[in-house]
>>> print(open('work24.pdb').read())   # PDB, C-alpha atoms, pLDDT in the B column
ATOM      1  CA  MET A   1      92.688 125.143   6.744  1.00 69.00           C
ATOM      2  CA  PRO A   2      94.326 127.647   4.352  1.00 69.00           C
ATOM      3  CA  GLY A   3      92.154 130.709   3.843  1.00 67.00           C
ATOM      4  CA  LEU A   4      90.384 130.622   7.206  1.00 75.00           C
ATOM      5  CA  ASN A   5      91.196 132.750  10.237  1.00 64.00           C
ATOM      6  CA  GLU A   6      92.431 130.347  12.890  1.00 55.00           C
ATOM      7  CA  SER A   7      92.588 133.012  15.615  1.00 53.00           C
ATOM      8  CA  ALA A   8      88.901 133.988  15.438  1.00 64.00           C
ATOM      9  CA  ALA A   9      87.084 131.819  17.972  1.00 74.00           C
ATOM     10  CA  LEU A  10      83.361 131.258  17.689  1.00 81.00           C
ATOM     11  CA  ARG A  11      81.032 132.861  20.243  1.00 80.00           C
ATOM     12  CA  LEU A  12      79.756 129.771  22.032  1.00 75.00           C
ATOM     13  CA  ALA A  13      76.847 131.617  23.677  1.00 77.00           C
ATOM     14  CA  GLU A  14      75.364 132.303  20.222  1.00 84.00           C
ATOM     15  CA  PRO A  15      74.056 129.906  17.530  1.00 89.00           C
ATOM     16  CA  ILE A  16      77.025 128.149  15.962  1.00 91.00           C
ATOM     17  CA  VAL A  17      75.793 127.327  12.464  1.00 94.00           C
ATOM     18  CA  PRO A  18      75.138 130.960  11.372  1.00 92.00           C
ATOM     19  CA  GLN A  19      78.614 131.929  12.579  1.00 93.00           C
ATOM     20  CA  ILE A  20      80.250 129.169  10.538  1.00 94.00           C
ATOM     21  CA  ILE A  21      78.162 130.112   7.506  1.00 94.00           C
ATOM     22  CA  ASN A  22      79.217 133.766   7.816  1.00 91.00           C
ATOM     23  CA  ARG A  23      82.906 132.878   8.274  1.00 92.00           C
ATOM     24  CA  LEU A  24      82.962 130.571   5.269  1.00 94.00           C
ATOM     25  CA  ARG A  25      80.841 132.875   3.118  1.00 93.00           C
ATOM     26  CA  GLN A  26      83.118 135.845   3.761  1.00 90.00           C
ATOM     27  CA  ALA A  27      86.238 133.785   3.075  1.00 92.00           C
ATOM     28  CA  ILE A  28      84.727 132.579  -0.211  1.00 94.00           C
ATOM     29  CA  ILE A  29      83.611 136.051  -1.299  1.00 91.00           C
ATOM     30  CA  GLU A  30      87.010 137.547  -0.470  1.00 89.00           C
ATOM     31  CA  LEU A  31      88.656 134.673  -2.389  1.00 91.00           C
ATOM     32  CA  LYS A  32      90.561 133.521   0.682  1.00 92.00           C
ATOM     33  CA  LEU A  33      88.918 130.197  -0.115  1.00 94.00           C
ATOM     34  CA  GLU A  34      89.501 129.967  -3.848  1.00 94.00           C
ATOM     35  CA  PRO A  35      87.080 128.724  -6.518  1.00 95.00           C
ATOM     36  CA  GLY A  36      87.515 124.977  -6.869  1.00 94.00           C
ATOM     37  CA  GLN A  37      89.242 124.584  -3.490  1.00 95.00           C
ATOM     38  CA  PRO A  38      88.232 121.479  -1.504  1.00 95.00           C
ATOM     39  CA  LEU A  39      86.707 122.019   1.932  1.00 95.00           C
ATOM     40  CA  SER A  40      87.293 119.553   4.751  1.00 94.00           C
ATOM     41  CA  GLU A  41      84.389 119.123   7.150  1.00 93.00           C
ATOM     42  CA  LYS A  42      86.766 117.563   9.681  1.00 93.00           C
ATOM     43  CA  GLU A  43      89.403 120.310   9.439  1.00 93.00           C
ATOM     44  CA  ILE A  44      86.863 123.120   9.779  1.00 93.00           C
ATOM     45  CA  ALA A  45      85.259 121.405  12.774  1.00 92.00           C
ATOM     46  CA  LEU A  46      88.669 121.080  14.449  1.00 91.00           C
ATOM     47  CA  LEU A  47      89.555 124.668  13.602  1.00 90.00           C
ATOM     48  CA  TYR A  48      86.456 126.028  15.317  1.00 89.00           C
ATOM     49  CA  GLY A  49      86.327 123.451  18.105  1.00 89.00           C
ATOM     50  CA  VAL A  50      82.899 122.076  17.192  1.00 91.00           C
ATOM     51  CA  SER A  51      81.447 118.773  16.055  1.00 92.00           C
ATOM     52  CA  ARG A  52      81.116 118.029  12.351  1.00 94.00           C
ATOM     53  CA  GLN A  53      77.320 118.407  12.398  1.00 96.00           C
ATOM     54  CA  PRO A  54      77.183 122.256  12.400  1.00 95.00           C
ATOM     55  CA  VAL A  55      79.837 122.338   9.673  1.00 95.00           C
ATOM     56  CA  ARG A  56      77.739 119.923   7.614  1.00 94.00           C
ATOM     57  CA  GLU A  57      74.697 122.164   8.102  1.00 96.00           C
ATOM     58  CA  ALA A  58      76.720 125.209   7.047  1.00 96.00           C
ATOM     59  CA  PHE A  59      77.817 123.408   3.876  1.00 96.00           C
ATOM     60  CA  ILE A  60      74.165 122.707   3.005  1.00 95.00           C
ATOM     61  CA  LYS A  61      73.201 126.376   3.396  1.00 95.00           C
ATOM     62  CA  LEU A  62      76.200 127.544   1.380  1.00 95.00           C
ATOM     63  CA  ALA A  63      75.327 125.032  -1.337  1.00 95.00           C
ATOM     64  CA  GLU A  64      71.815 126.500  -1.481  1.00 92.00           C
ATOM     65  CA  ALA A  65      73.417 129.923  -1.975  1.00 89.00           C
ATOM     66  CA  GLY A  66      75.551 128.549  -4.814  1.00 90.00           C
ATOM     67  CA  LEU A  67      78.871 129.069  -3.047  1.00 94.00           C
ATOM     68  CA  VAL A  68      79.855 125.446  -2.421  1.00 96.00           C
ATOM     69  CA  GLN A  69      79.169 122.171  -4.187  1.00 94.00           C
ATOM     70  CA  VAL A  70      78.624 118.996  -2.189  1.00 91.00           C
ATOM     71  CA  LEU A  71      79.495 115.929  -4.269  1.00 90.00           C
ATOM     72  CA  PRO A  72      78.509 112.608  -2.661  1.00 84.00           C
ATOM     73  CA  SER A  73      81.517 110.336  -2.095  1.00 82.00           C
ATOM     74  CA  ARG A  74      83.796 112.992  -3.598  1.00 88.00           C
ATOM     75  CA  GLY A  75      83.745 115.838  -1.087  1.00 92.00           C
ATOM     76  CA  THR A  76      82.780 119.490  -0.854  1.00 95.00           C
ATOM     77  CA  TYR A  77      84.320 122.216  -2.997  1.00 96.00           C
ATOM     78  CA  VAL A  78      84.069 125.980  -3.356  1.00 96.00           C
ATOM     79  CA  THR A  79      82.088 126.492  -6.539  1.00 95.00           C
ATOM     80  CA  LYS A  80      83.778 128.121  -9.465  1.00 95.00           C
ATOM     81  CA  ILE A  81      82.434 131.504 -10.552  1.00 94.00           C
ATOM     82  CA  SER A  82      79.676 130.911 -13.077  1.00 93.00           C
ATOM     83  CA  VAL A  83      79.761 133.574 -15.767  1.00 92.00           C
ATOM     84  CA  LYS A  84      76.142 132.775 -16.611  1.00 92.00           C
ATOM     85  CA  GLU A  85      74.993 133.238 -13.008  1.00 91.00           C
ATOM     86  CA  VAL A  86      76.978 136.471 -12.628  1.00 92.00           C
ATOM     87  CA  LEU A  87      75.382 137.919 -15.757  1.00 92.00           C
ATOM     88  CA  ASN A  88      71.915 136.857 -14.607  1.00 92.00           C
ATOM     89  CA  ALA A  89      72.516 138.464 -11.202  1.00 92.00           C
ATOM     90  CA  ARG A  90      73.748 141.649 -12.867  1.00 92.00           C
ATOM     91  CA  PHE A  91      70.543 141.786 -14.924  1.00 94.00           C
ATOM     92  CA  VAL A  92      68.381 141.527 -11.789  1.00 94.00           C
ATOM     93  CA  ARG A  93      70.466 144.065  -9.924  1.00 93.00           C
ATOM     94  CA  GLU A  94      70.326 146.556 -12.800  1.00 95.00           C
ATOM     95  CA  ALA A  95      66.550 146.303 -13.111  1.00 96.00           C
ATOM     96  CA  ILE A  96      65.957 146.886  -9.400  1.00 96.00           C
ATOM     97  CA  GLU A  97      68.635 149.473  -8.667  1.00 96.00           C
ATOM     98  CA  CYS A  98      67.758 151.609 -11.680  1.00 97.00           C
ATOM     99  CA  ALA A  99      64.110 151.667 -10.594  1.00 96.00           C
ATOM    100  CA  VAL A 100      65.121 152.504  -7.014  1.00 96.00           C
ATOM    101  CA  VAL A 101      67.456 155.359  -7.934  1.00 97.00           C
ATOM    102  CA  ARG A 102      64.920 156.838 -10.338  1.00 97.00           C
ATOM    103  CA  GLU A 103      62.347 156.993  -7.538  1.00 96.00           C
ATOM    104  CA  ALA A 104      64.962 158.240  -5.060  1.00 97.00           C
ATOM    105  CA  ALA A 105      65.677 161.247  -7.270  1.00 97.00           C
ATOM    106  CA  THR A 106      62.218 162.581  -6.419  1.00 96.00           C
ATOM    107  CA  ARG A 107      62.239 161.670  -2.725  1.00 95.00           C
ATOM    108  CA  ILE A 108      65.748 161.806  -1.242  1.00 96.00           C
ATOM    109  CA  ASP A 109      66.302 164.525   1.369  1.00 96.00           C
ATOM    110  CA  SER A 110      69.402 166.480   2.390  1.00 96.00           C
ATOM    111  CA  ALA A 111      70.253 163.984   5.133  1.00 96.00           C
ATOM    112  CA  GLY A 112      70.223 161.163   2.592  1.00 96.00           C
ATOM    113  CA  LEU A 113      72.468 163.123   0.230  1.00 97.00           C
ATOM    114  CA  ASP A 114      74.881 163.927   3.063  1.00 97.00           C
ATOM    115  CA  ARG A 115      75.026 160.239   3.980  1.00 97.00           C
ATOM    116  CA  LEU A 116      75.911 159.297   0.389  1.00 98.00           C
ATOM    117  CA  SER A 117      78.633 161.948   0.277  1.00 98.00           C
ATOM    118  CA  ARG A 118      80.152 160.665   3.523  1.00 98.00           C
ATOM    119  CA  LEU A 119      80.206 157.135   2.146  1.00 98.00           C
ATOM    120  CA  ILE A 120      82.052 158.337  -0.943  1.00 98.00           C
ATOM    121  CA  ASP A 121      84.575 160.109   1.313  1.00 98.00           C
ATOM    122  CA  GLY A 122      85.058 156.825   3.147  1.00 98.00           C
ATOM    123  CA  GLN A 123      85.611 155.018  -0.144  1.00 97.00           C
ATOM    124  CA  MET A 124      88.289 157.536  -1.083  1.00 97.00           C
ATOM    125  CA  GLN A 125      90.092 156.830   2.188  1.00 97.00           C
ATOM    126  CA  ALA A 126      89.793 153.064   1.653  1.00 95.00           C
ATOM    127  CA  ALA A 127      91.124 153.463  -1.884  1.00 93.00           C
ATOM    128  CA  ASN A 128      94.131 155.406  -0.608  1.00 95.00           C
ATOM    129  CA  ARG A 129      94.858 152.508   1.780  1.00 94.00           C
ATOM    130  CA  LEU A 130      94.250 149.974  -1.020  1.00 90.00           C
ATOM    131  CA  ASP A 131      91.756 148.356   1.348  1.00 92.00           C
ATOM    132  CA  ASN A 132      89.567 146.249  -0.940  1.00 89.00           C
ATOM    133  CA  VAL A 133      87.409 144.887   1.878  1.00 87.00           C
ATOM    134  CA  ALA A 134      86.540 148.292   3.349  1.00 93.00           C
ATOM    135  CA  PHE A 135      85.974 149.731  -0.135  1.00 93.00           C
ATOM    136  CA  THR A 136      83.514 146.942  -0.962  1.00 91.00           C
ATOM    137  CA  GLU A 137      81.662 147.310   2.361  1.00 92.00           C
ATOM    138  CA  LEU A 138      81.253 151.033   1.710  1.00 96.00           C
ATOM    139  CA  ASP A 139      80.054 150.302  -1.821  1.00 94.00           C
ATOM    140  CA  GLU A 140      77.332 148.051  -0.414  1.00 93.00           C
ATOM    141  CA  ALA A 141      76.422 150.715   2.155  1.00 95.00           C
ATOM    142  CA  PHE A 142      76.150 153.322  -0.622  1.00 97.00           C
ATOM    143  CA  HIS A 143      73.609 151.274  -2.544  1.00 95.00           C
ATOM    144  CA  ARG A 144      71.657 150.382   0.617  1.00 94.00           C
ATOM    145  CA  ALA A 145      71.503 154.066   1.557  1.00 95.00           C
ATOM    146  CA  ILE A 146      69.730 154.929  -1.702  1.00 96.00           C
ATOM    147  CA  ALA A 147      67.071 152.272  -1.064  1.00 94.00           C
ATOM    148  CA  ASP A 148      66.807 153.337   2.588  1.00 93.00           C
ATOM    149  CA  CYS A 149      65.536 156.760   1.605  1.00 90.00           C
ATOM    150  CA  LEU A 150      62.529 154.956   0.066  1.00 91.00           C
ATOM    151  CA  ASP A 151      62.158 152.621   3.050  1.00 89.00           C
ATOM    152  CA  CYS A 152      62.467 149.844   0.462  1.00 86.00           C
ATOM    153  CA  ASP A 153      64.022 146.998   2.434  1.00 87.00           C
ATOM    154  CA  TYR A 154      62.576 144.280   0.172  1.00 90.00           C
ATOM    155  CA  ALA A 155      64.502 145.665  -2.806  1.00 90.00           C
ATOM    156  CA  VAL A 156      67.647 145.645  -0.667  1.00 89.00           C
ATOM    157  CA  ARG A 157      67.138 141.986   0.236  1.00 90.00           C
ATOM    158  CA  VAL A 158      66.625 140.941  -3.382  1.00 91.00           C
ATOM    159  CA  VAL A 159      69.695 142.854  -4.563  1.00 90.00           C
ATOM    160  CA  GLU A 160      71.863 141.473  -1.772  1.00 87.00           C
ATOM    161  CA  ALA A 161      70.766 137.936  -2.644  1.00 85.00           C
ATOM    162  CA  ALA A 162      71.725 138.553  -6.267  1.00 86.00           C
ATOM    163  CA  ARG A 163      75.077 139.998  -5.193  1.00 85.00           C
ATOM    164  CA  THR A 164      76.084 136.606  -3.799  1.00 83.00           C
ATOM    165  CA  GLN A 165      76.911 135.693  -7.388  1.00 81.00           C
ATOM    166  CA  THR A 166      78.781 138.908  -8.188  1.00 88.00           C
ATOM    167  CA  ASP A 167      80.677 139.632  -4.965  1.00 88.00           C
ATOM    168  CA  ARG A 168      83.640 137.403  -5.810  1.00 90.00           C
ATOM    169  CA  VAL A 169      83.984 139.123  -9.176  1.00 91.00           C
ATOM    170  CA  ARG A 170      83.977 142.507  -7.439  1.00 87.00           C
ATOM    171  CA  HIS A 171      86.762 141.459  -5.064  1.00 85.00           C
ATOM    172  CA  LEU A 172      88.748 139.960  -7.920  1.00 86.00           C
ATOM    173  CA  SER A 173      88.318 143.102 -10.039  1.00 85.00           C
ATOM    174  CA  LEU A 174      89.682 145.546  -7.445  1.00 80.00           C
ATOM    175  CA  PRO A 175      91.639 147.594  -8.121  1.00 76.00           C
ATOM    176  CA  GLU A 176      93.007 146.550 -11.539  1.00 74.00           C
ATOM    177  CA  ALA A 177      89.984 145.612 -13.667  1.00 68.00           C
ATOM    178  CA  SER A 178      87.695 148.153 -11.966  1.00 79.00           C
ATOM    179  CA  PRO A 179      89.959 150.962 -10.733  1.00 88.00           C
ATOM    180  CA  PHE A 180      88.926 152.715  -7.523  1.00 90.00           C
ATOM    181  CA  PRO A 181      88.790 156.191  -9.137  1.00 93.00           C
ATOM    182  CA  VAL A 182      86.405 154.929 -11.839  1.00 93.00           C
ATOM    183  CA  LEU A 183      83.969 153.475  -9.288  1.00 94.00           C
ATOM    184  CA  ILE A 184      84.156 156.550  -7.053  1.00 96.00           C
ATOM    185  CA  GLU A 185      83.460 158.848 -10.000  1.00 97.00           C
ATOM    186  CA  GLN A 186      80.458 156.709 -10.965  1.00 97.00           C
ATOM    187  CA  HIS A 187      79.111 157.106  -7.423  1.00 98.00           C
ATOM    188  CA  ARG A 188      79.645 160.859  -7.625  1.00 98.00           C
ATOM    189  CA  GLN A 189      77.671 161.003 -10.867  1.00 98.00           C
ATOM    190  CA  ILE A 190      74.797 159.155  -9.189  1.00 98.00           C
ATOM    191  CA  VAL A 191      74.819 161.609  -6.283  1.00 98.00           C
ATOM    192  CA  ALA A 192      74.990 164.609  -8.646  1.00 98.00           C
ATOM    193  CA  ALA A 193      71.884 163.373 -10.456  1.00 98.00           C
ATOM    194  CA  LEU A 194      70.074 162.830  -7.152  1.00 98.00           C
ATOM    195  CA  GLN A 195      71.023 166.338  -6.013  1.00 98.00           C
ATOM    196  CA  ALA A 196      69.648 167.704  -9.290  1.00 98.00           C
ATOM    197  CA  ARG A 197      66.388 165.787  -8.731  1.00 97.00           C
ATOM    198  CA  ASP A 198      66.855 164.311 -12.213  1.00 98.00           C
ATOM    199  CA  PRO A 199      65.379 160.775 -12.400  1.00 98.00           C
ATOM    200  CA  VAL A 200      66.538 160.191 -15.984  1.00 98.00           C
ATOM    201  CA  ALA A 201      70.136 161.159 -15.237  1.00 98.00           C
ATOM    202  CA  ALA A 202      70.105 159.177 -11.991  1.00 98.00           C
ATOM    203  CA  GLU A 203      68.917 156.038 -13.772  1.00 98.00           C
ATOM    204  CA  ALA A 204      71.496 156.474 -16.549  1.00 98.00           C
ATOM    205  CA  ALA A 205      74.315 156.948 -14.032  1.00 98.00           C
ATOM    206  CA  MET A 206      73.264 153.861 -12.077  1.00 97.00           C
ATOM    207  CA  ARG A 207      72.997 151.789 -15.252  1.00 97.00           C
ATOM    208  CA  ARG A 208      76.561 152.734 -16.284  1.00 96.00           C
ATOM    209  CA  HIS A 209      77.787 151.828 -12.813  1.00 95.00           C
ATOM    210  CA  VAL A 210      76.057 148.444 -12.586  1.00 94.00           C
ATOM    211  CA  ARG A 211      77.229 147.526 -16.081  1.00 93.00           C
ATOM    212  CA  GLU A 212      80.879 148.051 -15.110  1.00 90.00           C
ATOM    213  CA  ILE A 213      81.071 144.315 -14.432  1.00 89.00           C
ATOM    214  CA  LEU A 214      80.386 143.587 -18.110  1.00 88.00           C
ATOM    215  CA  SER A 215      83.699 145.143 -19.122  1.00 85.00           C
ATOM    216  CA  ALA A 216      85.608 143.647 -16.186  1.00 87.00           C
ATOM    217  CA  ILE A 217      84.543 140.019 -16.320  1.00 90.00           C
ATOM    218  CA  PRO A 218      86.119 139.063 -19.698  1.00 89.00           C
ATOM    219  CA  ARG A 219      89.495 140.385 -18.527  1.00 88.00           C
ATOM    220  CA  LEU A 220      89.182 138.596 -15.192  1.00 90.00           C
ATOM    221  CA  ALA A 221      88.208 135.288 -16.804  1.00 89.00           C
ATOM    222  CA  ALA A 222      91.188 135.559 -19.136  1.00 89.00           C
ATOM    223  CA  ALA A 223      93.551 136.332 -16.247  1.00 90.00           C
ATOM    224  CA  HIS A 224      92.120 133.648 -13.902  1.00 91.00           C
ATOM    225  CA  PRO A 225      90.654 130.912 -16.136  1.00 93.00           C
ATOM    226  CA  ALA A 226      90.749 128.288 -13.346  1.00 93.00           C
ATOM    227  CA  TYR A 227      88.349 130.390 -11.261  1.00 94.00           C
ATOM    228  CA  PHE A 228      85.550 130.535 -13.847  1.00 94.00           C
ATOM    229  CA  GLU A 229      83.090 128.241 -15.592  1.00 92.00           C
ATOM    230  CA  ASP A 230      80.498 128.848 -18.324  1.00 85.00           C
ATOM    231  CA  GLN A 231      82.984 131.045 -20.155  1.00 77.00           C
ATOM    232  CA  GLY A 232      80.962 130.565 -23.314  1.00 75.00           C
ATOM    233  CA  SER A 233      78.499 133.018 -21.749  1.00 72.00           C
ATOM    234  CA  LEU A 234      81.052 135.830 -21.666  1.00 74.00           C
ATOM    235  CA  PRO A 235      79.931 139.093 -23.283  1.00 68.00           C
ATOM    236  CA  PRO A 236      82.006 140.334 -26.256  1.00 64.00           C
ATOM    237  CA  SER A 237      85.164 142.074 -25.042  1.00 56.00           C
TER
END
>>> encode(input="work24.pdb", output="structure tokens")
Amino acid sequence: MPGLNESAALRLAEPIVPQIINRLRQAIIELKLEPGQPLSEKEIALLYGVSRQPVREAFIKLAEAGLVQVLPSRGTYVTKISVKEVLNARFVREAIECAVVREAATRIDSAGLDRLSRLIDGQMQAANRLDNVAFTELDEAFHRAIADCLDCDYAVRVVEAARTQTDRVRHLSLPEASPFPVLIEQHRQIVAALQARDPVAAEAAMRRHVREILSAIPRLAAAHPAYFEDQGSLPPS
């Protein structure tokens, strides 16, 4: 099936359904499986050398996550990107991450600051290679590292669940709508505020960063109208 890696065999000694979920989820997030694209249960089962049952179970889980839509008698499709859901997820992420970074400004230690600086260095290298996937993984690691200094894994789980709705927009926005240097500089401003032990500045820097999607999404929806739905929810450009 177009968009899936045919050379990556499943690990048969491990549970099959989670592997299929992860493969399909990553392909959807990276837009290798495009919004609106039909998914064939039979083709995916043949591709991975499994029965159709684990593929069917994976579809159910992905539907619960809002990434696929199962239409009885019509088939299964990659969901289009809902502007409304993206904006809702951004709201949740902003509320949590701003609270986390404000607290981190009073508690982060030198090891935590060093870790954030190394992640930014890695993002610079990924940007130089124009490696969107690596850049995004390092972005996620950067935000997790701030929460880690508070030992706040529940906040991480909530944010990562919300990011399911925004991850495709992030991949689509790189590097044109959200240029690498802009995102790296926003991360540097967050780290500078943490180094200064300034909760107000840290929260303000995080808020600017998380709101970057608000300026990117109208341009992306205009450039890729077939990928999006609920465009009436778009913020003013």
>>> closest_residue(input="work24.pdb", among="A:Ala162, A:Arg52, A:Ile190, A:Arg170", to="His143 in chain A", atoms="all atoms listed in the file")
A:Ile190
>>> axis_aligned_box(input="work24.pdb", around="range 84-95 of chain A", padding_each_side="8 Å", output="AutoDock Vina command-line options")
--center_x 71.8 --center_y 139.7 --center_z -13.3 --size_x 26.4 --size_y 29.8 --size_z 22.7
>>> resolve_selection(input="work24.pdb", expression="the PyMOL selection byres ((chain A and resi 218) around 12)", output="PDB file with C-alpha atoms, keeping the file's coordinate frame")
ATOM      1  CA  VAL A  83      79.761 133.574 -15.767  1.00 92.00           C
ATOM      2  CA  VAL A  86      76.978 136.471 -12.628  1.00 92.00           C
ATOM      3  CA  LEU A  87      75.382 137.919 -15.757  1.00 92.00           C
ATOM      4  CA  VAL A 169      83.984 139.123  -9.176  1.00 91.00           C
ATOM      5  CA  SER A 173      88.318 143.102 -10.039  1.00 85.00           C
ATOM      6  CA  ALA A 177      89.984 145.612 -13.667  1.00 68.00           C
ATOM      7  CA  GLU A 212      80.879 148.051 -15.110  1.00 90.00           C
ATOM      8  CA  ILE A 213      81.071 144.315 -14.432  1.00 89.00           C
ATOM      9  CA  LEU A 214      80.386 143.587 -18.110  1.00 88.00           C
ATOM     10  CA  SER A 215      83.699 145.143 -19.122  1.00 85.00           C
ATOM     11  CA  ALA A 216      85.608 143.647 -16.186  1.00 87.00           C
ATOM     12  CA  ILE A 217      84.543 140.019 -16.320  1.00 90.00           C
ATOM     13  CA  ARG A 219      89.495 140.385 -18.527  1.00 88.00           C
ATOM     14  CA  LEU A 220      89.182 138.596 -15.192  1.00 90.00           C
ATOM     15  CA  ALA A 221      88.208 135.288 -16.804  1.00 89.00           C
ATOM     16  CA  ALA A 222      91.188 135.559 -19.136  1.00 89.00           C
ATOM     17  CA  ALA A 223      93.551 136.332 -16.247  1.00 90.00           C
ATOM     18  CA  HIS A 224      92.120 133.648 -13.902  1.00 91.00           C
ATOM     19  CA  PRO A 225      90.654 130.912 -16.136  1.00 93.00           C
ATOM     20  CA  PHE A 228      85.550 130.535 -13.847  1.00 94.00           C
ATOM     21  CA  GLU A 229      83.090 128.241 -15.592  1.00 92.00           C
ATOM     22  CA  ASP A 230      80.498 128.848 -18.324  1.00 85.00           C
ATOM     23  CA  GLN A 231      82.984 131.045 -20.155  1.00 77.00           C
ATOM     24  CA  GLY A 232      80.962 130.565 -23.314  1.00 75.00           C
ATOM     25  CA  SER A 233      78.499 133.018 -21.749  1.00 72.00           C
ATOM     26  CA  LEU A 234      81.052 135.830 -21.666  1.00 74.00           C
ATOM     27  CA  PRO A 235      79.931 139.093 -23.283  1.00 68.00           C
ATOM     28  CA  PRO A 236      82.006 140.334 -26.256  1.00 64.00           C
ATOM     29  CA  SER A 237      85.164 142.074 -25.042  1.00 56.00           C
TER      30      SER A 237
END
>>> atom_distance(input="work24.pdb", atom1="CA of Ala95 in chain A", atom2="CA of Arg207 in chain A")
8.7 Å
>>> residues_near_point(input="work24.pdb", point="(79.4, 123.2, 16.9)", cutoff="12 Å", atoms="all atoms listed in the file", output="MDAnalysis selection string")
chainID A and resid 9:21 41:42 44:58
>>> decode(input="work24.pdb", residues="range 13-26 of chain A", atoms="N, CA, C and O atoms", output="mmCIF file, in the first residue's frame")
data_model
loop_
_atom_site.group_PDB
_atom_site.id
_atom_site.type_symbol
_atom_site.label_atom_id
_atom_site.label_comp_id
_atom_site.auth_asym_id
_atom_site.auth_seq_id
_atom_site.Cartn_x
_atom_site.Cartn_y
_atom_site.Cartn_z
ATOM 1 N N ALA A 13 7.691 -12.258 17.526
ATOM 2 C CA ALA A 13 7.766 -12.692 18.925
ATOM 3 C C ALA A 13 7.100 -11.693 19.863
ATOM 4 O O ALA A 13 6.953 -11.961 21.058
ATOM 5 N N GLU A 14 6.675 -10.541 19.337
ATOM 6 C CA GLU A 14 6.051 -9.504 20.151
ATOM 7 C C GLU A 14 4.595 -9.328 19.724
ATOM 8 O O GLU A 14 4.212 -9.744 18.630
ATOM 9 N N PRO A 15 3.752 -8.722 20.571
ATOM 10 C CA PRO A 15 2.349 -8.506 20.206
ATOM 11 C C PRO A 15 2.229 -7.779 18.871
ATOM 12 O O PRO A 15 2.903 -6.767 18.634
ATOM 13 N N ILE A 16 1.366 -8.282 18.016
ATOM 14 C CA ILE A 16 1.263 -7.782 16.649
ATOM 15 C C ILE A 16 0.456 -6.494 16.548
ATOM 16 O O ILE A 16 0.850 -5.547 15.866
ATOM 17 N N VAL A 17 -0.678 -6.439 17.257
ATOM 18 C CA VAL A 17 -1.570 -5.293 17.101
ATOM 19 C C VAL A 17 -0.880 -3.964 17.444
ATOM 20 O O VAL A 17 -0.976 -3.003 16.666
ATOM 21 N N PRO A 18 -0.155 -3.862 18.587
ATOM 22 C CA PRO A 18 0.512 -2.585 18.876
ATOM 23 C C PRO A 18 1.513 -2.186 17.790
ATOM 24 O O PRO A 18 1.676 -0.986 17.515
ATOM 25 N N GLN A 19 2.186 -3.167 17.194
ATOM 26 C CA GLN A 19 3.138 -2.834 16.133
ATOM 27 C C GLN A 19 2.432 -2.245 14.918
ATOM 28 O O GLN A 19 2.893 -1.267 14.319
ATOM 29 N N ILE A 20 1.295 -2.841 14.547
ATOM 30 C CA ILE A 20 0.543 -2.322 13.401
ATOM 31 C C ILE A 20 0.009 -0.930 13.714
ATOM 32 O O ILE A 20 0.073 -0.025 12.870
ATOM 33 N N ILE A 21 -0.492 -0.744 14.937
ATOM 34 C CA ILE A 21 -0.979 0.578 15.329
ATOM 35 C C ILE A 21 0.137 1.611 15.194
ATOM 36 O O ILE A 21 -0.057 2.689 14.619
ATOM 37 N N ASN A 22 1.326 1.290 15.720
ATOM 38 C CA ASN A 22 2.438 2.238 15.684
ATOM 39 C C ASN A 22 2.871 2.536 14.255
ATOM 40 O O ASN A 22 3.175 3.689 13.916
ATOM 41 N N ARG A 23 2.900 1.495 13.396
ATOM 42 C CA ARG A 23 3.305 1.720 11.999
ATOM 43 C C ARG A 23 2.312 2.653 11.291
ATOM 44 O O ARG A 23 2.705 3.590 10.593
ATOM 45 N N LEU A 24 1.029 2.344 11.464
ATOM 46 C CA LEU A 24 0.014 3.150 10.784
ATOM 47 C C LEU A 24 -0.043 4.558 11.368
ATOM 48 O O LEU A 24 -0.148 5.544 10.619
ATOM 49 N N ARG A 25 0.045 4.655 12.697
ATOM 50 C CA ARG A 25 -0.010 5.974 13.326
ATOM 51 C C ARG A 25 1.123 6.863 12.835
ATOM 52 O O ARG A 25 0.912 8.036 12.488
ATOM 53 N N GLN A 26 2.344 6.314 12.786
ATOM 54 C CA GLN A 26 3.478 7.110 12.343
ATOM 55 C C GLN A 26 3.330 7.525 10.890
ATOM 56 O O GLN A 26 3.648 8.657 10.522
#
